[in-house]
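Data from model.csv: CSV, C-alpha atoms
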```csv
chain,number,residue,atom,x,y,z
H,1,MET,CA,-5.9,-8.8,-4.4
H,2,TYR,CA,-5.2,-5.2,-5.4
H,3,ILE,CA,-8.5,-3.9,-4.1
H,4,CYS,CA,-7.9,-5.9,-0.9
H,5,ILE,CA,-4.5,-4.3,-0.4
H,6,LEU,CA,-5.7,-0.8,-1.2
H,7,ASN,CA,-8.8,-1.1,1.0
H,8,THR,CA,-6.8,-2.4,3.9
H,9,GLU,CA,-4.3,0.4,3.5
H,10,ILE,CA,-6.9,3.1,3.3
H,11,ALA,CA,-8.7,1.7,6.3
H,12,VAL,CA,-5.6,1.7,8.4
H,13,ARG,CA,-4.7,5.3,7.3
H,14,SER,CA,-8.2,6.5,8.1
H,15,ILE,CA,-7.9,5.6,11.8
H,16,ALA,CA,-6.7,8.4,14.0
H,17,GLY,CA,-3.0,8.2,14.8
H,18,GLN,CA,-2.2,5.5,12.1
H,19,ASP,CA,0.0,6.3,9.1
H,20,GLY,CA,-0.2,2.9,7.4
H,21,CYS,CA,2.7,1.4,5.4
H,22,LYS,CA,5.1,4.3,4.6
H,23,GLY,CA,6.5,2.3,1.7
H,24,LEU,CA,3.2,2.7,-0.1
H,25,ASP,CA,3.0,6.5,0.2
H,26,ALA,CA,4.5,7.1,-3.2
H,27,ILE,CA,2.2,4.9,-5.3
H,28,ILE,CA,-0.9,5.9,-3.3
H,29,LYS,CA,-0.1,9.6,-3.9
H,30,ILE,CA,0.2,9.0,-7.6
H,31,CYS,CA,-3.1,7.0,-7.7
H,32,GLN,CA,-5.0,9.7,-5.8
H,33,GLU,CA,-3.4,12.9,-7.1
H,34,LYS,CA,-2.3,12.0,-10.6
H,35,PRO,CA,-4.6,9.1,-11.8
H,36,ALA,CA,-4.5,10.4,-15.4
H,37,ASP,CA,-0.7,9.9,-15.5
H,38,LEU,CA,-1.3,6.2,-15.1
H,39,LEU,CA,-2.7,6.1,-18.6
H,40,ASN,CA,0.8,6.7,-19.9
H,41,MET,CA,2.0,3.4,-21.3
H,42,ASN,CA,5.6,4.0,-20.2
H,43,MET,CA,5.3,3.3,-16.5
H,44,PHE,CA,8.8,4.4,-15.8
H,45,GLU,CA,8.1,7.9,-17.1
H,46,VAL,CA,5.3,8.2,-14.6
H,47,LEU,CA,7.2,6.6,-11.6
H,48,GLY,CA,10.4,8.4,-12.4
H,49,SER,CA,12.5,7.1,-9.6
H,50,GLU,CA,13.8,4.0,-7.8
H,51,LYS,CA,11.8,4.9,-4.7
H,52,ASN,CA,8.5,5.2,-6.7
H,53,TYR,CA,9.2,1.9,-8.5
H,54,ALA,CA,9.8,0.2,-5.1
H,55,SER,CA,6.5,1.6,-3.8
H,56,PHE,CA,4.7,0.3,-6.9
H,57,LEU,CA,6.2,-3.2,-6.6
H,58,LEU,CA,5.5,-3.3,-2.8
H,59,PHE,CA,1.9,-2.6,-3.7
H,60,CYS,CA,1.6,-5.2,-6.5
H,61,ALA,CA,4.2,-8.0,-6.2
H,62,GLN,CA,2.0,-10.1,-3.9
H,63,SER,CA,-0.8,-10.0,-6.6
H,64,VAL,CA,1.3,-11.6,-9.3
H,65,ARG,CA,3.1,-14.1,-7.1
H,66,PRO,CA,1.7,-16.5,-4.5
H,67,TYR,CA,2.3,-15.1,-1.0
H,68,SER,CA,4.5,-18.0,-0.1
H,69,VAL,CA,6.7,-17.5,-3.1
H,70,TYR,CA,6.8,-13.7,-2.4
H,71,ILE,CA,7.9,-14.3,1.2
H,72,ASP,CA,10.6,-16.9,0.1
H,73,LYS,CA,12.0,-14.6,-2.6
H,74,VAL,CA,12.2,-11.6,-0.4
H,75,ARG,CA,13.7,-13.4,2.6
H,76,CYS,CA,16.3,-15.0,0.3
H,77,LYS,CA,16.9,-11.5,-1.1
H,78,GLU,CA,16.7,-12.8,-4.6
H,79,ASP,CA,17.2,-10.3,-7.4
H,80,ILE,CA,13.9,-8.8,-8.5
H,81,ASP,CA,14.8,-9.3,-12.1
H,82,LYS,CA,14.7,-13.0,-11.6
H,83,TRP,CA,11.1,-13.3,-10.3
H,84,ILE,CA,9.3,-10.1,-11.5
H,85,THR,CA,9.1,-10.0,-15.2
H,86,SER,CA,8.1,-7.4,-17.7
H,87,ASP,CA,4.8,-9.2,-18.1
H,88,ASP,CA,4.3,-8.9,-14.3
H,89,ASP,CA,5.0,-5.2,-14.3
H,90,ALA,CA,2.8,-4.6,-17.3
H,91,LEU,CA,-0.1,-6.6,-15.8
H,92,CYS,CA,0.1,-4.6,-12.6
H,93,TRP,CA,0.2,-1.3,-14.4
H,94,VAL,CA,-2.9,-2.0,-16.6
H,95,ILE,CA,-4.8,-3.2,-13.4
H,96,LEU,CA,-4.1,0.3,-12.0
H,97,GLN,CA,-5.2,1.9,-15.2
H,98,ASN,CA,-8.4,-0.3,-15.2
H,99,SER,CA,-9.5,0.4,-11.6
H,100,VAL,CA,-7.9,3.6,-10.2
H,101,GLU,CA,-10.8,5.9,-11.2
H,102,ARG,CA,-13.3,3.6,-9.5
H,103,TRP,CA,-11.1,3.3,-6.4
H,104,ASN,CA,-10.8,7.1,-6.0
H,105,SER,CA,-14.5,7.7,-6.5
H,106,GLU,CA,-15.3,5.0,-3.9
H,107,TYR,CA,-12.9,6.7,-1.4
H,108,ALA,CA,-14.4,10.1,-2.1
H,109,LEU,CA,-17.9,8.8,-1.4
H,110,ARG,CA,-16.9,7.0,1.8
H,111,ASN,CA,-14.9,10.0,3.1
H,112,GLY,CA,-17.7,12.4,2.2
H,113,LYS,CA,-20.2,10.4,4.2
H,114,ARG,CA,-17.8,10.3,7.2
H,115,THR,CA,-17.4,14.1,7.1
H,116,ILE,CA,-21.1,14.9,6.8
H,117,GLU,CA,-22.9,12.2,8.8
H,118,SER,CA,-22.1,12.2,12.5
H,119,GLU,CA,-22.7,8.4,12.9
H,120,TYR,CA,-19.6,7.8,10.7
H,121,SER,CA,-17.3,10.4,12.3
H,122,VAL,CA,-15.3,8.0,14.4
H,123,LYS,CA,-15.3,5.1,11.9
H,124,GLY,CA,-12.5,4.0,9.5
H,125,ILE,CA,-13.2,4.5,5.8
H,126,MET,CA,-14.0,0.9,5.0
H,127,GLU,CA,-16.5,0.6,7.8
H,128,ILE,CA,-18.7,3.2,6.1
H,129,LYS,CA,-21.4,1.5,4.0
H,130,LEU,CA,-22.4,2.5,0.5
H,131,THR,CA,-26.0,2.2,-0.7
H,132,LYS,CA,-26.8,0.2,-3.8
H,133,GLU,CA,-27.4,3.4,-5.7
H,134,GLU,CA,-24.1,4.8,-4.6
H,135,LYS,CA,-22.3,1.7,-5.7
H,136,HIS,CA,-24.0,1.9,-9.1
H,137,SER,CA,-22.9,5.5,-9.4
H,138,LEU,CA,-19.2,4.6,-9.3
H,139,PRO,CA,-17.4,4.7,-12.7
H,140,PRO,CA,-17.0,1.4,-14.5
H,141,SER,CA,-13.6,-0.3,-14.6
H,142,LEU,CA,-11.8,1.0,-17.7
H,143,TYR,CA,-11.1,-2.2,-19.6
H,144,THR,CA,-13.2,-4.9,-17.9
H,145,GLU,CA,-16.6,-3.5,-17.4
H,146,SER,CA,-19.4,-1.9,-19.4
H,147,LYS,CA,-22.2,0.2,-17.9
H,148,ILE,CA,-25.6,0.7,-19.5
H,149,ASP,CA,-27.9,3.0,-17.6
H,150,THR,CA,-27.6,1.7,-14.0
H,151,LYS,CA,-26.6,-1.9,-15.0
H,152,ARG,CA,-23.0,-3.1,-15.1
H,153,LYS,CA,-21.6,-5.9,-17.1
H,154,PHE,CA,-18.2,-7.5,-16.4
H,155,CYS,CA,-16.8,-8.4,-19.8
H,156,GLY,CA,-13.2,-9.5,-19.2
H,157,TRP,CA,-10.3,-7.7,-20.7
H,158,ASP,CA,-11.4,-5.9,-23.9
H,159,GLU,CA,-9.3,-5.2,-26.9
H,160,THR,CA,-8.2,-1.8,-25.6
H,161,GLY,CA,-7.0,-3.3,-22.4
H,162,ILE,CA,-5.1,-6.1,-24.2
H,163,LYS,CA,-3.5,-3.5,-26.4
H,164,ALA,CA,-2.6,-1.4,-23.4
H,165,PHE,CA,-0.9,-4.4,-21.8
H,166,ARG,CA,1.2,-5.0,-24.9
H,167,GLU,CA,2.3,-1.4,-25.1
H,168,VAL,CA,3.2,-1.2,-21.4
H,169,LYS,CA,5.1,-4.5,-21.7
H,170,HIS,CA,7.0,-3.2,-24.8
H,171,ALA,CA,8.0,0.0,-23.0
H,172,ASN,CA,9.0,-2.0,-19.9
H,173,ILE,CA,11.3,-4.3,-21.9
H,174,GLN,CA,12.8,-1.3,-23.7
H,175,PHE,CA,13.5,0.5,-20.4
H,176,ARG,CA,15.2,-2.6,-18.9
H,177,LYS,CA,17.2,-3.1,-22.1
H,178,ASP,CA,18.3,0.6,-22.3
H,179,SER,CA,19.2,0.6,-18.6
H,180,MET,CA,21.4,-2.5,-19.0
H,181,ALA,CA,23.0,-1.4,-22.3
H,182,GLU,CA,26.2,-0.1,-20.8
H,183,THR,CA,26.9,-0.8,-17.1
H,184,GLY,CA,23.5,-1.8,-15.9
H,185,ILE,CA,23.7,0.6,-13.0
H,186,VAL,CA,20.3,2.2,-13.5
H,187,TRP,CA,18.3,-1.0,-13.6
H,188,LYS,CA,20.4,-2.5,-10.8
H,189,GLY,CA,19.5,0.5,-8.6
H,190,TYR,CA,15.8,0.0,-9.3
H,191,ASN,CA,16.1,-3.7,-8.4
H,192,GLU,CA,18.1,-3.1,-5.2
H,193,THR,CA,15.9,-0.3,-3.9
H,194,ALA,CA,12.7,-2.3,-4.6
H,195,LEU,CA,14.1,-5.4,-2.9
H,196,ASP,CA,15.4,-3.4,0.1
H,197,THR,CA,12.0,-1.9,0.6
H,198,MET,CA,10.3,-5.3,0.5
H,199,VAL,CA,12.8,-6.8,2.9
H,200,LYS,CA,12.4,-3.9,5.4
H,201,GLU,CA,8.6,-4.1,5.2
H,202,LEU,CA,8.6,-7.9,5.7
H,203,ASP,CA,11.0,-7.7,8.6
H,204,LYS,CA,8.7,-5.1,10.2
H,205,HIS,CA,5.8,-7.5,10.2
H,206,SER,CA,7.6,-10.7,10.8
H,207,PRO,CA,6.9,-12.7,14.0
H,208,SER,CA,10.4,-12.1,15.3
H,209,SER,CA,10.1,-8.3,14.9
H,210,LYS,CA,6.7,-8.4,16.6
H,211,ARG,CA,8.2,-10.4,19.4
H,212,LYS,CA,11.0,-7.9,19.8
H,213,ALA,CA,8.5,-5.0,19.8
H,214,ALA,CA,6.4,-6.8,22.4
H,215,SER,CA,9.5,-7.5,24.5
H,216,ALA,CA,10.4,-3.8,24.4
H,217,ARG,CA,6.9,-2.8,25.5
H,218,ASN,CA,7.0,-5.3,28.3
H,219,GLU,CA,10.4,-4.0,29.4
H,220,MET,CA,9.1,-0.4,29.5
H,221,GLU,CA,6.0,-1.5,31.5
H,222,LYS,CA,8.3,-3.3,33.9
H,223,MET,CA,10.5,-0.2,34.4
H,224,LYS,CA,7.5,2.0,34.9
H,225,ALA,CA,6.2,-0.4,37.6
H,226,GLN,CA,9.5,-0.3,39.3
H,227,ARG,CA,9.6,3.5,39.3
H,228,LEU,CA,6.1,3.6,40.8
H,229,GLU,CA,7.0,1.1,43.4
H,230,SER,CA,10.0,3.1,44.4
H,231,LEU,CA,7.8,6.2,44.7
H,232,TYR,CA,5.3,4.4,46.9
H,233,SER,CA,8.2,3.5,49.3
H,234,MET,CA,9.4,7.1,49.7
H,235,LYS,CA,8.7,8.2,53.2
H,236,GLY,CA,8.3,11.9,52.3
H,237,LEU,CA,5.7,11.3,49.5
H,238,SER,CA,2.2,12.5,50.3
H,239,ARG,CA,-0.6,10.0,49.7
H,240,PHE,CA,-2.3,12.8,47.8
H,241,SER,CA,0.5,13.1,45.2
H,242,ASN,CA,-0.2,12.4,41.6
H,243,ILE,CA,1.8,9.2,41.3
H,244,GLU,CA,1.4,8.8,37.5
H,245,SER,CA,2.5,12.3,36.7
H,246,VAL,CA,5.5,12.1,38.9
H,247,ALA,CA,6.5,8.7,37.5
H,248,LEU,CA,6.1,9.9,33.9
```
In structure tokens, write the structure found in this file.
Amino acid sequence: MYICILNTEIAVRSIAGQDGCKGLDAIIKICQEKPADLLNMNMFEVLGSEKNYASFLLFCAQSVRPYSVYIDKVRCKEDIDKWITSDDDALCWVILQNSVERWNSEYALRNGKRTIESEYSVKGIMEIKLTKEEKHSLPPSLYTESKIDTKRKFCGWDETGIKAFREVKHANIQFRKDSMAETGIVWKGYNETALDTMVKELDKHSPSSKRKAASARNEMEKMKAQRLESLYSMKGLSRFSNIESVAL
């Protein structure tokens, strides 16, 4: 699921004129510019703000909860603390640790081919094919894969990965506990910002929002047609006039 989300987002961003999901900017920036920071077992030290935590959850929440459950929780605006646990946060963080180096290397390969080879210049990142040799050259996943010569072996979560999960979980529990120690304002802020970000993103892509956007576009087209019609009916308008430029 993670790789699907990341690949889709990179593919969208690689198309001219497309910025992708703005809510994911923060976590993608951390993954691409500071991947070594992800090895810190205290995820909140790395994220450092409500906005970054919201970006992280937007990226990963659908991977630890069925999509139907995610939609229901977000639409009902249910407190994040009630359906995203410390275990969930920790699992998402170690998945990033496990795979981010490979993801970044794959992106660099694809983007490099698009820059150098003219046949790829107009294609999105994920349309660019990697050869078998290029795929084998990618670094192995940190906790779940071993690499001997050119062969890869998926081995499940190794002891290092399991230990990392436990450490991240412990730090997560401690952060929540410390944040709630007095007034709970800090953790409440993290919760509310994350939920608000999810709600806005869901609303943006909901059928009702798409219908509203389509309706607005149709209304604009209708107004443009009316303006063109009025120009055609003007007696003093030369038949050689640039109708489109006048209308716009």
If you count only C-alpha atoms, which residues fall within 9 Å of stretch 34-46 of chain H, apart from same-chain ones fewer than 2 positions away, as a ChimeraX atom specification? /H:29-32,48-49,53,89-90,93-94,96-97,100-101,104,164-165,167-172,175
Using atom CA of H:Asp87 and atom CA of H:Tyr143 as the two end points, give the distance in Å to one decimal.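 Between atom CA of H:Asp87 and atom CA of H:Tyr143 the gap is 17.4 Å.
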Residues at most 10 Å from H:Glu201, counting all atoms listed in the file, excluding those fewer than 5 positions away in the same chain, as a PyMOL selection string? chain H and resi 21-23+58+195-196+206
Measuring between all atoms listed in the file, which one of H:Ile71, H:Ile173, H:Cys92, H:Leu142 shows the shortest distance to H:Thr160?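 Of all the options, H:Leu142 lies closest to H:Thr160.
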Could you jot down the atom CA of H:Trp157 to atom CA of H:Glu145 separation for me, Å, one decimal place?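 Computing it gives 8.3 Å between the two atoms.
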Spatial neighbours of H:Ser179, 12 Å, only C-alpha atoms, chain gap at least 5 places, as a PyMOL selection string: chain H and resi 44+172-174+184-191
Can you work out the spacing between atom CA of H:Thr115 and atom CA of H:Trp103 in Å, to one decimal?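 A separation of 18.4 Å between them.
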Pick the closest to H:Met198 from H:Leu138, H:Ala54, H:Val69, H:Ile125: which is it, counting all atoms listed in the file? H:Ala54
Go through H:Lys73, H:Glu127, H:Asn98, H:Ala194 one by one, measure the shortest atom-to-atom distance of each to H:Gly161 using all atoms listed in the file, and give the residue with the smallest value.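 Checking each of H:Lys73, H:Glu127, H:Asn98, H:Ala194 against H:Gly161, counting all atoms listed in the file, the winner is H:Asn98.
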As a short mmCIF file (atom, residue, chain, number, x, y, z; two decimals), in the coordinates of the input, please: stretch 66-98 of chain H completed to N, CA and C atoms.
```cif
data_model
loop_
_atom_site.label_atom_id
_atom_site.label_comp_id
_atom_site.auth_asym_id
_atom_site.auth_seq_id
_atom_site.Cartn_x
_atom_site.Cartn_y
_atom_site.Cartn_z
N PRO H 66 2.29 -15.94 -5.73
CA PRO H 66 1.70 -16.50 -4.50
C PRO H 66 2.42 -15.93 -3.29
N TYR H 67 1.70 -15.70 -2.22
CA TYR H 67 2.30 -15.10 -1.00
C TYR H 67 3.48 -15.86 -0.52
N SER H 68 3.38 -17.19 -0.54
CA SER H 68 4.50 -18.00 -0.10
C SER H 68 5.74 -17.83 -0.91
N VAL H 69 5.55 -17.68 -2.22
CA VAL H 69 6.70 -17.50 -3.10
C VAL H 69 7.26 -16.06 -2.87
N TYR H 70 6.38 -15.08 -2.72
CA TYR H 70 6.80 -13.70 -2.40
C TYR H 70 7.68 -13.68 -1.18
N ILE H 71 7.20 -14.30 -0.11
CA ILE H 71 7.90 -14.30 1.20
C ILE H 71 9.30 -14.98 0.98
N ASP H 72 9.32 -16.11 0.28
CA ASP H 72 10.60 -16.90 0.10
C ASP H 72 11.57 -16.02 -0.71
N LYS H 73 11.12 -15.39 -1.79
CA LYS H 73 12.00 -14.60 -2.60
C LYS H 73 12.60 -13.41 -1.87
N VAL H 74 11.74 -12.75 -1.09
CA VAL H 74 12.20 -11.60 -0.40
C VAL H 74 13.13 -11.96 0.77
N ARG H 75 12.79 -13.01 1.51
CA ARG H 75 13.70 -13.40 2.60
C ARG H 75 15.03 -13.89 2.10
N CYS H 76 15.04 -14.52 0.92
CA CYS H 76 16.30 -15.00 0.30
C CYS H 76 17.02 -13.83 -0.41
N LYS H 77 16.36 -12.66 -0.46
CA LYS H 77 16.90 -11.50 -1.10
C LYS H 77 17.32 -11.79 -2.57
N GLU H 78 16.42 -12.48 -3.25
CA GLU H 78 16.70 -12.80 -4.60
C GLU H 78 16.44 -11.66 -5.56
N ASP H 79 17.32 -11.45 -6.48
CA ASP H 79 17.20 -10.30 -7.40
C ASP H 79 15.84 -10.23 -8.03
N ILE H 80 15.26 -9.04 -7.94
CA ILE H 80 13.90 -8.80 -8.50
C ILE H 80 13.79 -9.21 -9.92
N ASP H 81 14.83 -8.98 -10.67
CA ASP H 81 14.80 -9.30 -12.10
C ASP H 81 14.60 -10.75 -12.40
N LYS H 82 14.82 -11.60 -11.41
CA LYS H 82 14.70 -13.00 -11.60
C LYS H 82 13.28 -13.57 -11.32
N TRP H 83 12.46 -12.75 -10.65
CA TRP H 83 11.10 -13.30 -10.30
C TRP H 83 9.98 -12.28 -10.57
N ILE H 84 10.31 -11.07 -10.99
CA ILE H 84 9.30 -10.10 -11.50
C ILE H 84 9.65 -9.76 -12.90
N THR H 85 8.83 -10.20 -13.83
CA THR H 85 9.10 -10.00 -15.20
C THR H 85 8.46 -8.77 -15.81
N SER H 86 8.78 -8.47 -17.07
CA SER H 86 8.10 -7.40 -17.70
C SER H 86 6.61 -7.61 -17.88
N ASP H 87 6.24 -8.87 -18.06
CA ASP H 87 4.80 -9.20 -18.10
C ASP H 87 4.13 -8.89 -16.77
N ASP H 88 4.82 -9.19 -15.67
CA ASP H 88 4.30 -8.90 -14.30
C ASP H 88 4.07 -7.41 -14.14
N ASP H 89 5.12 -6.65 -14.44
CA ASP H 89 5.00 -5.20 -14.30
C ASP H 89 3.88 -4.64 -15.17
N ALA H 90 3.79 -5.11 -16.40
CA ALA H 90 2.80 -4.60 -17.30
C ALA H 90 1.36 -4.94 -16.83
N LEU H 91 1.17 -6.16 -16.34
CA LEU H 91 -0.10 -6.60 -15.80
C LEU H 91 -0.55 -5.68 -14.65
N CYS H 92 0.39 -5.45 -13.74
CA CYS H 92 0.10 -4.60 -12.60
C CYS H 92 -0.27 -3.20 -12.99
N TRP H 93 0.43 -2.67 -13.99
CA TRP H 93 0.20 -1.30 -14.40
C TRP H 93 -1.20 -1.15 -15.07
N VAL H 94 -1.59 -2.11 -15.92
CA VAL H 94 -2.90 -2.00 -16.60
C VAL H 94 -4.04 -2.24 -15.56
N ILE H 95 -3.76 -3.00 -14.50
CA ILE H 95 -4.80 -3.20 -13.40
C ILE H 95 -5.01 -1.82 -12.76
N LEU H 96 -3.92 -1.08 -12.53
CA LEU H 96 -4.10 0.30 -12.00
C LEU H 96 -4.87 1.15 -12.92
N GLN H 97 -4.51 1.12 -14.20
CA GLN H 97 -5.20 1.90 -15.20
C GLN H 97 -6.74 1.54 -15.18
N ASN H 98 -7.00 0.27 -15.08
CA ASN H 98 -8.40 -0.30 -15.20
C ASN H 98 -9.23 0.20 -13.99
#
```
